[in-house]
Every structure is written in structure tokens, then in C-alpha cells.
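Colleague: Got a file for you: input36.csv, CSV, C-alpha atoms.
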```csv
chain,number,residue,atom,x,y,z
F,1,MET,CA,-32.6,8.9,15.1
F,2,PRO,CA,-31.1,12.3,16.0
F,3,ILE,CA,-32.9,15.4,14.9
F,4,GLY,CA,-31.8,16.4,11.5
F,5,ALA,CA,-30.4,13.0,10.6
F,6,GLY,CA,-33.1,12.5,7.9
F,7,THR,CA,-32.1,15.7,6.1
F,8,ALA,CA,-28.4,15.4,6.5
F,9,TRP,CA,-26.3,14.5,3.5
F,10,PRO,CA,-23.7,11.7,3.6
F,11,SER,CA,-20.2,13.1,4.2
F,12,LYS,CA,-18.1,14.5,1.4
F,13,GLU,CA,-15.7,11.5,1.7
F,14,ALA,CA,-18.6,9.1,1.4
F,15,LEU,CA,-19.9,10.8,-1.8
F,16,THR,CA,-16.5,10.8,-3.6
F,17,ARG,CA,-14.0,8.2,-4.5
F,18,VAL,CA,-11.6,9.3,-1.8
F,19,GLY,CA,-10.0,6.3,-0.1
F,20,VAL,CA,-11.6,3.7,-2.4
F,21,PRO,CA,-9.2,0.9,-3.2
F,22,PRO,CA,-8.4,0.4,-6.9
F,23,VAL,CA,-9.8,-3.2,-6.7
F,24,ARG,CA,-13.1,-1.9,-5.4
F,25,MET,CA,-13.3,0.7,-8.2
F,26,LEU,CA,-12.7,-2.1,-10.8
F,27,LEU,CA,-15.4,-4.2,-9.2
F,28,ASP,CA,-17.8,-1.2,-9.4
F,29,VAL,CA,-17.0,-0.7,-13.1
F,30,ALA,CA,-17.6,-4.4,-13.7
F,31,LEU,CA,-20.9,-4.3,-11.9
F,32,TRP,CA,-22.3,-1.3,-13.7
F,33,SER,CA,-21.1,-2.7,-17.0
F,34,GLY,CA,-23.0,-5.9,-16.2
F,35,LEU,CA,-26.1,-3.9,-15.3
F,36,ALA,CA,-25.9,-2.0,-18.6
F,37,VAL,CA,-25.7,-5.3,-20.5
F,38,ALA,CA,-28.7,-6.6,-18.5
F,39,LEU,CA,-30.7,-3.5,-19.4
F,40,LEU,CA,-30.0,-4.0,-23.1
F,41,MET,CA,-30.7,-7.7,-23.0
F,42,THR,CA,-34.1,-7.3,-21.2
F,43,ALA,CA,-35.1,-4.6,-23.6
F,44,TYR,CA,-34.3,-6.6,-26.7
F,45,HIS,CA,-35.6,-9.8,-25.2
F,46,ALA,CA,-39.1,-8.1,-24.9
F,47,LYS,CA,-39.0,-8.0,-28.8
F,48,VAL,CA,-40.9,-4.7,-28.8
F,49,PHE,CA,-38.2,-2.6,-30.4
F,50,GLN,CA,-38.2,-3.4,-34.1
F,51,GLY,CA,-37.1,-1.6,-37.2
F,52,TRP,CA,-36.2,2.0,-36.6
F,53,TRP,CA,-37.0,1.6,-32.9
F,54,THR,CA,-34.0,-0.8,-32.4
F,55,ALA,CA,-31.8,2.1,-31.5
F,56,LEU,CA,-34.1,3.3,-28.6
F,57,PRO,CA,-32.7,0.9,-25.9
F,58,VAL,CA,-29.1,2.1,-26.7
F,59,LEU,CA,-30.1,5.7,-26.6
F,60,GLY,CA,-32.1,5.2,-23.4
F,61,LEU,CA,-29.0,3.5,-21.8
F,62,LEU,CA,-26.8,6.4,-22.8
F,63,CYS,CA,-29.4,8.9,-21.3
F,64,PHE,CA,-29.5,6.8,-18.1
F,65,ALA,CA,-25.7,6.8,-17.8
F,66,ALA,CA,-25.5,10.5,-18.4
F,67,ALA,CA,-28.2,11.1,-15.8
F,68,LEU,CA,-26.4,9.0,-13.2
F,69,ALA,CA,-23.1,10.8,-14.0
F,70,ALA,CA,-24.8,14.2,-13.5
F,71,PHE,CA,-26.6,12.8,-10.4
F,72,ARG,CA,-23.2,11.8,-8.9
F,73,ARG,CA,-21.7,15.3,-9.5
F,74,TRP,CA,-24.7,17.2,-8.1
F,75,THR,CA,-24.9,15.0,-5.0
F,76,VAL,CA,-21.2,15.8,-4.3
F,77,GLN,CA,-22.2,19.4,-4.5
F,78,ARG,CA,-25.2,18.6,-2.3
F,79,ARG,CA,-27.8,20.0,-4.7
F,80,LEU,CA,-31.0,18.3,-3.7
F,81,LEU,CA,-33.6,19.5,-6.2
F,82,PRO,CA,-31.4,19.0,-9.4
F,83,SER,CA,-30.6,15.5,-8.0
F,84,LEU,CA,-34.3,14.7,-7.5
F,85,GLY,CA,-35.0,16.0,-11.0
F,86,LEU,CA,-32.4,13.5,-12.5
F,87,LEU,CA,-33.9,10.6,-10.6
F,88,LEU,CA,-37.3,11.6,-11.9
F,89,ALA,CA,-35.9,11.5,-15.4
F,90,THR,CA,-34.5,8.0,-14.9
F,91,ALA,CA,-37.9,6.9,-13.4
F,92,LEU,CA,-39.6,8.3,-16.5
F,93,LEU,CA,-37.2,6.2,-18.7
F,94,GLY,CA,-38.5,3.2,-16.8
F,95,GLY,CA,-42.0,4.4,-17.4
F,96,GLY,CA,-41.3,4.7,-21.1
F,97,ALA,CA,-39.9,1.1,-21.2
F,98,TYR,CA,-43.0,-0.1,-19.3
F,99,ALA,CA,-45.3,1.7,-21.8
F,100,ALA,CA,-43.4,0.1,-24.7
F,101,GLY,CA,-43.8,-3.4,-23.2
F,102,ALA,CA,-40.3,-3.9,-21.8
F,103,GLU,CA,-41.5,-4.6,-18.3
F,104,ALA,CA,-38.3,-6.2,-17.0
F,105,THR,CA,-36.3,-3.2,-18.2
F,106,ALA,CA,-38.7,-0.9,-16.5
F,107,VAL,CA,-38.4,-2.7,-13.2
F,108,LEU,CA,-34.6,-2.8,-13.4
F,109,LEU,CA,-34.5,1.0,-14.1
F,110,TRP,CA,-36.7,1.7,-11.1
F,111,VAL,CA,-34.7,-0.6,-8.9
F,112,LEU,CA,-31.4,1.1,-9.9
F,113,THR,CA,-33.0,4.5,-9.3
F,114,ALA,CA,-34.1,3.5,-5.8
F,115,VAL,CA,-30.6,2.1,-5.0
F,116,VAL,CA,-28.7,5.2,-6.0
F,117,ALA,CA,-31.2,7.4,-4.2
F,118,LEU,CA,-30.7,5.4,-0.9
F,119,ASP,CA,-27.0,5.4,-1.4
F,120,ARG,CA,-26.4,9.2,-2.0
F,121,LEU,CA,-29.3,11.3,-1.0
F,122,PRO,CA,-30.3,12.4,2.6
F,123,LEU,CA,-32.4,9.7,4.2
F,124,ALA,CA,-35.8,11.4,4.1
F,125,PRO,CA,-35.7,12.3,0.4
F,126,ALA,CA,-34.1,8.9,-0.4
F,127,ALA,CA,-36.9,7.1,1.5
F,128,GLY,CA,-39.5,9.1,-0.3
F,129,VAL,CA,-38.0,8.2,-3.7
F,130,TRP,CA,-38.0,4.5,-2.7
F,131,ALA,CA,-41.6,4.7,-1.5
F,132,VAL,CA,-42.8,6.3,-4.7
F,133,LEU,CA,-41.0,3.7,-6.9
F,134,PHE,CA,-42.3,0.9,-4.6
F,135,VAL,CA,-45.9,2.2,-5.2
F,136,VAL,CA,-45.3,2.6,-8.9
F,137,THR,CA,-43.9,-0.9,-9.2
F,138,LEU,CA,-46.7,-2.4,-7.2
F,139,LEU,CA,-49.4,-0.6,-9.3
F,140,SER,CA,-47.7,-1.6,-12.6
F,141,ASP,CA,-48.9,-5.1,-11.8
F,142,ILE,CA,-45.6,-6.7,-12.9
F,143,GLY,CA,-45.4,-10.1,-11.3
F,144,LYS,CA,-47.0,-11.0,-8.1
F,145,PRO,CA,-47.5,-8.4,-5.3
F,146,LEU,CA,-45.5,-10.5,-2.9
F,147,ASP,CA,-42.6,-10.7,-5.3
F,148,THR,CA,-42.7,-6.9,-5.7
F,149,VAL,CA,-42.7,-6.4,-1.9
F,150,VAL,CA,-39.7,-8.8,-1.5
F,151,THR,CA,-37.8,-7.2,-4.4
F,152,MET,CA,-38.3,-3.6,-3.2
F,153,GLY,CA,-37.5,-4.7,0.4
F,154,ALA,CA,-34.2,-6.1,-0.8
F,155,VAL,CA,-33.6,-2.9,-2.7
F,156,LEU,CA,-34.2,-0.9,0.5
F,157,LEU,CA,-31.8,-3.1,2.5
F,158,GLY,CA,-29.2,-3.2,-0.2
F,159,GLY,CA,-29.2,0.6,-0.9
F,160,TYR,CA,-29.0,1.3,2.8
F,161,THR,CA,-26.1,-1.2,3.2
F,162,LEU,CA,-24.2,0.6,0.4
F,163,ARG,CA,-24.8,3.9,2.2
F,164,LEU,CA,-23.5,2.6,5.5
F,165,ASP,CA,-20.4,1.1,3.7
F,166,ALA,CA,-19.7,4.5,2.1
F,167,GLN,CA,-20.2,6.3,5.4
F,168,SER,CA,-17.9,3.9,7.2
F,169,ARG,CA,-15.2,4.4,4.5
F,170,GLY,CA,-15.6,8.2,4.7
F,171,ALA,CA,-15.4,8.2,8.5
F,172,GLY,CA,-12.2,6.1,8.4
F,173,PHE,CA,-10.7,8.5,5.9
F,174,ARG,CA,-11.7,11.5,8.1
F,175,LEU,CA,-10.1,9.8,11.1
F,176,LEU,CA,-6.9,9.2,9.1
F,177,ALA,CA,-6.8,12.8,8.0
F,178,GLN,CA,-7.3,14.0,11.6
F,179,GLU,CA,-4.6,11.7,12.7
F,180,ARG,CA,-2.2,13.1,10.1
F,181,ALA,CA,-3.1,16.6,11.1
F,182,ALA,CA,-2.5,15.7,14.8
F,183,ARG,CA,0.9,14.2,13.9
F,184,ALA,CA,1.8,17.3,11.9
F,185,ALA,CA,0.8,19.5,14.9
F,186,GLU,CA,2.7,17.2,17.2
F,187,THR,CA,5.8,17.4,15.0
F,188,GLU,CA,5.6,21.2,14.8
F,189,SER,CA,5.1,21.4,18.6
F,190,ALA,CA,8.2,19.1,19.1
F,191,ALA,CA,10.2,21.3,16.7
F,192,LEU,CA,9.2,24.4,18.6
F,193,ALA,CA,10.1,22.8,21.9
F,194,GLU,CA,13.4,21.7,20.6
F,195,ARG,CA,14.1,25.2,19.3
F,196,ALA,CA,13.3,26.6,22.8
F,197,ARG,CA,15.7,24.0,24.3
F,198,ILE,CA,18.5,24.9,21.9
F,199,ALA,CA,17.8,28.6,22.7
F,200,ARG,CA,18.2,28.0,26.4
F,201,GLU,CA,21.4,26.0,25.9
F,202,ILE,CA,22.9,28.8,23.8
F,203,HIS,CA,21.8,31.5,26.3
F,204,ASP,CA,23.2,29.5,29.3
F,205,VAL,CA,26.6,28.8,27.7
F,206,LEU,CA,27.1,32.3,26.3
F,207,ALA,CA,25.8,34.0,29.4
F,208,HIS,CA,28.2,32.1,31.7
F,209,SER,CA,31.2,32.4,29.4
F,210,LEU,CA,30.7,36.1,28.4
F,211,SER,CA,29.8,37.2,32.0
F,212,ALA,CA,33.0,35.6,33.3
F,213,GLN,CA,35.1,37.3,30.6
F,214,LEU,CA,33.3,40.6,31.4
F,215,VAL,CA,34.3,40.3,35.1
F,216,HIS,CA,38.0,40.0,34.2
F,217,LEU,CA,37.9,42.6,31.5
F,218,GLU,CA,36.1,45.1,33.8
F,219,ALA,CA,38.6,44.5,36.5
F,220,ALA,CA,41.4,45.1,34.0
F,221,ARG,CA,39.7,48.4,32.9
F,222,LEU,CA,39.4,49.6,36.5
F,223,GLN,CA,43.0,48.8,37.2
F,224,ILE,CA,44.1,50.7,34.0
F,225,GLU,CA,42.0,53.7,35.0
F,226,GLY,CA,43.2,53.8,38.6
F,227,GLY,CA,47.0,53.5,38.1
F,228,TYR,CA,47.4,50.0,37.2
F,229,ASP,CA,49.8,47.2,38.0
F,230,PRO,CA,50.8,45.7,34.6
F,231,ASP,CA,51.1,42.2,36.2
F,232,GLN,CA,47.5,42.4,37.5
F,233,VAL,CA,46.2,43.7,34.2
F,234,LEU,CA,48.0,40.9,32.3
F,235,ARG,CA,46.6,38.3,34.8
F,236,ARG,CA,43.1,39.6,34.2
F,237,VAL,CA,43.5,39.4,30.4
F,238,VAL,CA,45.0,35.9,30.6
F,239,GLU,CA,42.0,34.8,32.7
F,240,ALA,CA,39.6,36.4,30.3
F,241,ARG,CA,41.3,34.4,27.5
F,242,SER,CA,41.0,31.3,29.6
F,243,MET,CA,37.3,31.9,30.1
F,244,ALA,CA,36.9,32.4,26.3
F,245,ARG,CA,38.5,29.0,25.8
F,246,GLN,CA,36.3,27.5,28.5
F,247,GLY,CA,33.3,29.0,26.8
F,248,LEU,CA,34.3,27.4,23.5
F,249,ALA,CA,34.6,24.1,25.2
F,250,GLU,CA,31.2,24.5,26.9
F,251,THR,CA,29.7,25.4,23.5
F,252,ARG,CA,31.0,22.1,22.2
F,253,GLN,CA,29.7,20.3,25.2
F,254,ALA,CA,26.3,21.9,24.7
F,255,LEU,CA,26.3,20.6,21.1
F,256,TYR,CA,27.1,17.1,22.4
F,257,ALA,CA,24.3,17.5,24.9
F,258,LEU,CA,21.9,18.2,22.1
F,259,ARG,CA,22.9,14.9,20.7
F,260,GLY,CA,22.4,13.1,24.0
F,261,GLN,CA,26.1,12.7,24.7
F,262,LEU,CA,27.0,13.9,28.2
F,263,ALA,CA,29.8,13.3,30.7
F,264,PRO,CA,28.8,12.5,34.4
F,265,VAL,CA,27.4,15.6,36.2
F,266,GLU,CA,29.9,15.4,39.1
F,267,ASP,CA,32.8,15.5,36.6
F,268,TYR,CA,31.4,18.7,35.1
F,269,LEU,CA,30.9,20.3,38.6
F,270,ARG,CA,34.5,19.5,39.5
F,271,GLU,CA,35.7,21.2,36.3
F,272,LEU,CA,33.5,24.2,37.2
F,273,ALA,CA,35.0,24.3,40.8
F,274,VAL,CA,37.8,26.9,40.3
F,275,ASP,CA,38.6,30.2,42.0
F,276,GLY,CA,37.4,29.3,45.5
F,277,VAL,CA,34.5,27.0,44.4
F,278,ARG,CA,34.2,23.7,46.4
F,279,THR,CA,32.3,20.6,45.3
F,280,GLU,CA,30.5,18.0,47.5
F,281,VAL,CA,28.8,14.9,46.2
F,282,VAL,CA,26.4,13.0,48.5
F,283,GLY,CA,24.8,9.7,47.6
F,284,GLU,CA,25.6,7.1,45.0
F,285,PRO,CA,26.4,8.8,41.7
F,286,ARG,CA,24.4,7.5,38.7
F,287,LEU,CA,23.8,8.4,35.1
F,288,LEU,CA,21.0,11.0,34.9
F,289,PRO,CA,18.5,11.6,32.0
F,290,VAL,CA,19.7,14.1,29.5
F,291,ASP,CA,17.2,16.8,30.5
F,292,ALA,CA,17.9,16.5,34.2
F,293,SER,CA,21.6,16.3,33.7
F,294,GLN,CA,21.6,19.4,31.5
F,295,ALA,CA,19.4,21.3,34.0
F,296,VAL,CA,21.8,20.6,36.9
F,297,ARG,CA,24.8,21.7,34.7
F,298,ARG,CA,23.2,24.9,33.6
F,299,VAL,CA,21.9,25.9,37.1
F,300,ALA,CA,25.3,25.2,38.6
F,301,GLN,CA,26.9,27.3,35.8
F,302,GLU,CA,24.5,30.2,36.2
F,303,ALA,CA,24.7,30.2,40.1
F,304,VAL,CA,28.5,30.2,40.1
F,305,THR,CA,28.5,33.0,37.5
F,306,ASN,CA,26.1,35.0,39.7
F,307,ALA,CA,28.3,34.4,42.7
F,308,ARG,CA,31.3,35.8,40.9
F,309,LYS,CA,29.4,38.8,39.7
F,310,HIS,CA,27.5,39.7,42.9
F,311,ALA,CA,29.9,38.4,45.6
F,312,PRO,CA,33.4,38.6,44.1
F,313,GLY,CA,36.0,36.7,46.2
F,314,ALA,CA,33.4,34.9,48.3
F,315,ALA,CA,33.8,31.2,48.9
F,316,VAL,CA,31.3,29.1,47.0
F,317,THR,CA,30.1,25.6,47.8
F,318,MET,CA,28.3,23.3,45.3
F,319,ARG,CA,26.6,20.3,46.9
F,320,LEU,CA,25.1,17.6,44.7
F,321,GLU,CA,22.9,15.0,46.4
F,322,TYR,CA,21.6,11.9,44.7
F,323,GLY,CA,18.2,10.8,46.2
F,324,GLU,CA,16.1,7.8,45.4
F,325,ASP,CA,13.9,9.5,42.8
F,326,ALA,CA,15.4,13.0,42.5
F,327,VAL,CA,18.7,14.9,42.4
F,328,THR,CA,19.3,18.1,44.4
F,329,LEU,CA,21.9,20.7,43.7
F,330,GLU,CA,22.7,23.5,46.1
F,331,VAL,CA,25.0,26.3,45.3
F,332,ARG,CA,25.8,28.7,48.2
F,333,ASP,CA,28.2,31.6,48.5
F,334,GLU,CA,29.3,32.9,51.9
F,335,GLY,CA,28.7,36.6,51.0
F,336,ALA,CA,31.2,39.2,50.0
F,337,ASP,CA,33.2,41.3,52.4
F,338,ALA,CA,32.4,44.4,50.4
F,339,PRO,CA,29.5,45.2,48.0
F,340,GLY,CA,29.9,44.0,44.5
F,341,THR,CA,31.2,46.2,41.7
F,342,GLU,CA,29.0,47.9,39.2
F,343,LEU,CA,29.2,44.7,37.2
F,344,GLY,CA,27.1,43.0,39.8
F,345,ALA,CA,24.3,45.4,39.2
F,346,SER,CA,24.2,44.7,35.5
F,347,GLY,CA,22.2,41.5,35.7
F,348,SER,CA,18.8,41.4,34.0
F,349,GLY,CA,17.3,38.7,36.1
F,350,TYR,CA,16.9,36.4,33.1
F,351,GLY,CA,19.4,33.9,34.6
F,352,LEU,CA,17.1,33.1,37.5
F,353,LEU,CA,14.1,33.0,35.2
F,354,GLY,CA,15.9,30.6,32.9
F,355,MET,CA,16.8,28.3,35.9
F,356,ARG,CA,13.3,28.4,37.1
F,357,GLU,CA,12.0,27.5,33.7
F,358,ARG,CA,14.3,24.5,33.4
F,359,ALA,CA,13.2,23.2,36.8
F,360,GLU,CA,9.4,23.6,36.1
F,361,LEU,CA,9.7,22.0,32.6
F,362,LEU,CA,11.1,18.9,34.4
F,363,GLY,CA,8.5,18.9,37.2
F,364,GLY,CA,11.1,20.1,39.7
F,365,THR,CA,11.6,23.1,41.9
F,366,LEU,CA,14.1,25.9,42.3
F,367,GLU,CA,14.7,28.2,45.3
F,368,ALA,CA,16.9,31.2,45.2
F,369,GLY,CA,17.6,33.9,47.8
F,370,PRO,CA,19.5,34.7,50.9
F,371,ALA,CA,20.8,31.6,52.6
F,372,ALA,CA,18.5,31.8,55.6
F,373,SER,CA,15.5,32.4,53.5
F,374,VAL,CA,16.1,29.5,51.2
F,375,GLU,CA,16.7,27.2,54.2
F,376,GLY,CA,13.2,28.4,55.4
F,377,GLY,CA,11.7,27.5,52.0
F,378,ALA,CA,11.1,31.0,50.6
F,379,GLY,CA,12.9,34.0,49.1
F,380,ALA,CA,13.4,37.3,50.8
F,381,ASP,CA,10.3,38.6,49.1
F,382,GLY,CA,8.1,35.7,50.2
F,383,SER,CA,8.3,34.0,46.9
F,384,PRO,CA,10.0,30.6,46.5
F,385,TYR,CA,12.5,32.0,44.1
F,386,GLY,CA,13.9,35.0,45.9
F,387,GLY,CA,14.4,38.5,44.7
F,388,GLY,CA,17.6,38.1,42.9
F,389,PRO,CA,20.8,40.2,43.4
F,390,ARG,CA,19.2,42.8,45.6
F,391,ASP,CA,18.7,40.1,48.3
F,392,ARG,CA,22.4,39.7,48.8
F,393,SER,CA,23.4,41.3,52.1
F,394,GLU,CA,27.0,41.6,53.2
F,395,GLY,CA,28.0,38.5,55.1
F,396,LYS,CA,24.7,36.7,54.7
F,397,GLY,CA,25.4,34.8,51.5
F,398,PHE,CA,23.1,33.6,48.8
F,399,THR,CA,21.8,30.1,48.0
F,400,VAL,CA,20.4,28.5,44.9
F,401,ARG,CA,18.7,25.1,45.3
F,402,LEU,CA,17.5,23.0,42.5
F,403,ARG,CA,15.6,19.7,42.8
F,404,VAL,CA,14.5,17.7,39.7
F,405,PRO,CA,13.1,14.2,39.4
F,406,ALA,CA,15.7,11.7,38.1
```
Let's see the structure in the file written out as C-alpha cells.
Modeller:
Amino acid sequence: MPIGAGTAWPSKEALTRVGVPPVRMLLDVALWSGLAVALLMTAYHAKVFQGWWTALPVLGLLCFAAALAAFRRWTVQRRLLPSLGLLLATALLGGGAYAAGAEATAVLLWVLTAVVALDRLPLAPAAGVWAVLFVVTLLSDIGKPLDTVVTMGAVLLGGYTLRLDAQSRGAGFRLLAQERAARAAETESAALAERARIAREIHDVLAHSLSAQLVHLEAARLQIEGGYDPDQVLRRVVEARSMARQGLAETRQALYALRGQLAPVEDYLRELAVDGVRTEVVGEPRLLPVDASQAVRRVAQEAVTNARKHAPGAAVTMRLEYGEDAVTLEVRDEGADAPGTELGASGSGYGLLGMRERAELLGGTLEAGPAASVEGGAGADGSPYGGGPRDRSEGKGFTVRLRVPA
């Protein structure tokens, strides 16, 4: 037996009615009602309570019931000394019945006292109560000593069995409560993960659409300030309006994606391939899981947006390759003939961080940097993700490569 087990109380669940089926509670009520009737019958059968003393068995039964009710309450509160005091009172009731000549009533009271002690007290005090009552019953010389030994042995076994049953019920209820708590935590975690996913979708859609609009509006502003050509300004404004419409369409598509409804990835890449963007598809196209499909879309979108910002006018190639257990997307621009405008320096770097986060959440990888560095497996700064816009050198180009299991 582990150290401290003898002084450890039964669990709170074992000491209460938590988790007890209604049928079991009805059986308990019926059992205790039968024991109360048995106490009264044995008391009156002894024919020692006559005249005014006829009411004593009833009063004693009421005192016994009140003591057990208080004992139950104090054991739930784990108050040892008051609980032992109540058991002493019930044992003294049995001693009074024995002194009056109702020996069977006395034995029944002592037996019930020992059973409730074994059921609800720590093992060491419960065993002590049982041992004291065993000695008292043995010394009272009621029946044969062998019968007393057998009876009190059965009491010990029965009381301990009731204890184990209550402990088992309490352990089951605790496991159920822990499982419910774990499910609640899992649900909350899933909700937080879903919120994060929705936040990424909103960021990616808006960042792409608004950045593209900003490119055209910035070009229109520069033309207006530098002696503009009305046709060029109108073209930029029309293109900005077109990008706004495209952003609205992509927002709707993101909402469809959140519901698990997606068009083939290659179709989306072809729709994205405008203004000098070329698309290549290698391997046998297949339907990708929602998360992988969405990662490819958003990385393609972010990479094309970055190319337009940091290398305006450069040719861009998107290459989608279907492997046996993974899909790879490579977006490469050929580099700008002239440094990017001030718009190209406005990036915060969150786009690359978002792409990297998407890849890692799916167990994939993402490389971003000058074309030669990515082909060598590292960014310009020695990291596998490159250094962002500052790594773009004139004529060298920039590559983003995503690989995710699918």
C-alpha cells in the first residue's frame, strides 16, 4: 500500500451522489428502509421495551438516522474527529440496546456502524473502528465466537467492497469530467486555429488586391505630378478599378475556400497570369487538399504582388509541379531593368512571413531570395528564406519556391 493511503480520504466524487444512477439511489433508499424496519423488529421482538419504554426504539432509530446524516455531511467535508464522534454515538446506541436486553438490535447497530466507517472514512481510522467493534461484539458474548468472527469478517469484506465501488464510480466521473475539459480545450484551440486561418486569408486577399491597386494609383500620381498624359492616367485608374474588382472576386473565393469549395489550382494560376506573368504546369494535375491548395494560391498571389512591386515590368514565371507526395510552386521574376519605385520599398516583410507560416503549418518548406541563392538552397543572408526585397539586384531576379505535402 502506498505511503499515505491509510490516511487518505475517498475522493469527493466517491463521498457524494455525483454520477449515481437514479435506480441505484432508489435501491439504496429501499435497503436503508429495510434495515430501519429490521432494527425496530429486533428491538420489539426482544420484548424488553414495555409501557412507557415502547417509544425508545423509535427514538433510538431517529437518533441513529440523524447521526448517519450528519456523518455523511461531515465525511464529505473530510472532518475526521466529528465523524468519529458520531460513530461513537451510534456504537453507544448499540451498547444501550445491549444493556436493555435487545442483543440482536445491538449487533445490527454495530454492524451498520462498521460498514459506514469502512465505506466513508480513511482506511486506517475505518479499520480501527471495525477492530474496536469486532472486539466489543466478541466480548459481548452474543452467539458463538466463530459466528461473530464470520459475521465481522463479512462486514469487513462488504464495507470494503462498497468503498471500492464508490471509488470506481468517482474515478469514472473524474475521467468523464477530464474528458469534457479536454474536449472543451480542443474545441477552443480549434476555434483559435480557425480564427488564425481566417485572419491569414483576409490578409492575403487584401494585401494582394490593395497592393496592386496602390501600384497603379501611385503610377497615376507620379504621372499627374510630372506632366501627365491623360490617356496613361486613365489607363492606370482603369487598371486600379479592375484590380478592385479582382480583389472582390478573390474575397468571394476566399469565403468559398473557408467552406472547402475550391477550383483547381492551375486554373487559379492561369487567372493570375496577366501583365507579363507566364504559367507552367508539370506533372499530372490532381485535386489537392484544401489547406495545401490554399497555400499554393496565396503564395503565388503574394509572390506575383511582390514581383510587381519590386521589379515592375519584369517577366514573371510561375511553375507548378505535381510530385508523388508533394506539390511545388516556383515563382521567379527576371529582375527589373531599373530599381523599383518608392512603392517597392514600402513592404513590411509580413508577406514572406505569412508564406513561411503557411508552409510550416503544413509541414512544407519555403525558400525566397535571389534566383541563384534559392537554386543553391539558401537566401542571400544564409537563411533558407532569403532577406526579402533588399536581396533584389538589377538583372539577377528573385525566386520564391514553395513545397508542401499533398
Colleague: Excluding same-chain residues fewer than 4 positions from range 284-296 of chain F, what lies within 7 Å of it counting all atoms listed in the file, as a list of chain:residue names?
Modeller: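 Within the cut-off, the hits are F:Gly260, F:Pro264, F:Val265, F:Ala300, F:Tyr322, F:Leu329, F:Arg358, F:Val404, F:Ala406.
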Colleague: Given only C-alpha atoms as the basis, pick out the residue of F:Leu157, F:Leu320, F:Ala240, F:Ala196 nearest to Asp119 in chain F.
Modeller: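 For Asp119 in chain F, the nearest of the candidates is F:Leu157.
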Colleague: Can you work out which one of F:Leu31, F:Val132, F:Leu353, F:Ala303 has the shortest atom-to-atom distance to Leu272 in chain F, counting only C-alpha atoms?
Modeller: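 For Leu272 in chain F, the nearest of the candidates is F:Ala303.
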Colleague: When you count all atoms listed in the file, which of these residues is closest to Leu88 in chain F: F:Leu62, F:Ala67, F:Ile224, F:Gly397?
Modeller: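 Among the listed residues, F:Ala67 lies closest to Leu88 in chain F.
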Colleague: For Pro122 in chain F, find every residue with an atom within 10 Å (counting all atoms listed in the file), except residues of its own chain fewer than 3 positions away, and show them as a tab-separated table (two decimals) with C-alpha atoms, in the coordinates of the input.
Modeller:
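Output saved as out-v8.tsv:
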```
chain	number	residue	atom	x	y	z
F	4	GLY	CA	-31.80	16.40	11.50
F	5	ALA	CA	-30.40	13.00	10.60
F	6	GLY	CA	-33.10	12.50	7.90
F	7	THR	CA	-32.10	15.70	6.10
F	8	ALA	CA	-28.40	15.40	6.50
F	9	TRP	CA	-26.30	14.50	3.50
F	10	PRO	CA	-23.70	11.70	3.60
F	75	THR	CA	-24.90	15.00	-5.00
F	78	ARG	CA	-25.20	18.60	-2.30
F	80	LEU	CA	-31.00	18.30	-3.70
F	117	ALA	CA	-31.20	7.40	-4.20
F	118	LEU	CA	-30.70	5.40	-0.90
F	119	ASP	CA	-27.00	5.40	-1.40
F	125	PRO	CA	-35.70	12.30	0.40
F	126	ALA	CA	-34.10	8.90	-0.40
F	127	ALA	CA	-36.90	7.10	1.50
```
Colleague: Can you measure CA of Glu103 in chain F to CA of Arg73 in chain F for me? One decimal in Å is fine.
Modeller: 29.4 Å
Colleague: Could you list, with a cut-off of 10 Å and counting only C-alpha atoms, the residues of range 19-120 of chain F near range 137-140 of chain F, each shown with its nearest atom pair and the distance in Å rounded to one decimal, rows sorted by chain and ascending number, as a Markdown table?
Modeller:
```
| residue | atom | partner | partner_atom | distance |
| --- | --- | --- | --- | --- |
| F:Gly95 | CA | F:Ser140 | CA | 9.6 |
| F:Tyr98 | CA | F:Ser140 | CA | 8.3 |
| F:Glu103 | CA | F:Ser140 | CA | 8.9 |
| F:Ala106 | CA | F:Thr137 | CA | 9.0 |
| F:Val107 | CA | F:Thr137 | CA | 7.0 |
| F:Trp110 | CA | F:Thr137 | CA | 7.9 |
| F:Val111 | CA | F:Thr137 | CA | 9.2 |
```
Colleague: What does the distance between CA of Pro230 in chain F and CA of Ala244 in chain F come to in Å, to one decimal place?
Modeller: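 Taking CA of Pro230 in chain F as the start and CA of Ala244 in chain F as the end point, the length is 21.0 Å.
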Colleague: Could you jot down the CA of Gln232 in chain F to CA of Ala311 in chain F separation for me, Å, one decimal place?
Modeller: 19.8 Å
Colleague: Using only C-alpha atoms for the distances, tell me which of F:Ala182, F:Leu84, F:Thr399, F:Arg221 is nearest to Val299 in chain F.
Modeller: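 Checking each of F:Ala182, F:Leu84, F:Thr399, F:Arg221 against Val299 in chain F, counting only C-alpha atoms, the winner is F:Thr399.
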Colleague: Please identify all polymer residues within 12 Å of Gly153 in chain F, counting all atoms listed in the file, omitting same-chain residues fewer than 2 positions from it, and present them as a ChimeraX atom specification.
Modeller: /F:111,114-115,127,130-131,133-134,146-151,155-160
Colleague: I need the residues from that last selection saved to file as an mmCIF file, in the frame of the given file (with C-alpha atoms), if you can.
Modeller:
```cif
data_model
loop_
_atom_site.group_PDB
_atom_site.id
_atom_site.type_symbol
_atom_site.label_atom_id
_atom_site.label_comp_id
_atom_site.auth_asym_id
_atom_site.auth_seq_id
_atom_site.Cartn_x
_atom_site.Cartn_y
_atom_site.Cartn_z
ATOM 1 C CA VAL F 111 -34.700 -0.600 -8.900
ATOM 2 C CA ALA F 114 -34.100 3.500 -5.800
ATOM 3 C CA VAL F 115 -30.600 2.100 -5.000
ATOM 4 C CA ALA F 127 -36.900 7.100 1.500
ATOM 5 C CA TRP F 130 -38.000 4.500 -2.700
ATOM 6 C CA ALA F 131 -41.600 4.700 -1.500
ATOM 7 C CA LEU F 133 -41.000 3.700 -6.900
ATOM 8 C CA PHE F 134 -42.300 0.900 -4.600
ATOM 9 C CA LEU F 146 -45.500 -10.500 -2.900
ATOM 10 C CA ASP F 147 -42.600 -10.700 -5.300
ATOM 11 C CA THR F 148 -42.700 -6.900 -5.700
ATOM 12 C CA VAL F 149 -42.700 -6.400 -1.900
ATOM 13 C CA VAL F 150 -39.700 -8.800 -1.500
ATOM 14 C CA THR F 151 -37.800 -7.200 -4.400
ATOM 15 C CA VAL F 155 -33.600 -2.900 -2.700
ATOM 16 C CA LEU F 156 -34.200 -0.900 0.500
ATOM 17 C CA LEU F 157 -31.800 -3.100 2.500
ATOM 18 C CA GLY F 158 -29.200 -3.200 -0.200
ATOM 19 C CA GLY F 159 -29.200 0.600 -0.900
ATOM 20 C CA TYR F 160 -29.000 1.300 2.800
#
```
Colleague: May I ask which of the residues F:His45, F:Arg236, F:Arg297, F:Arg278 is the closest one to Ala314 in chain F, counting only C-alpha atoms?
Modeller: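 Ranking F:His45, F:Arg236, F:Arg297, F:Arg278 by distance to Ala314 in chain F, first place goes to F:Arg278.
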Colleague: Nearest to Leu162 in chain F among F:Ala91, F:Gly51, F:Leu15, F:Ser189, with distances taken over only C-alpha atoms: which residue is it?
Modeller: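 Of F:Ala91, F:Gly51, F:Leu15, F:Ser189, the one nearest Leu162 in chain F is F:Leu15, counting only C-alpha atoms.
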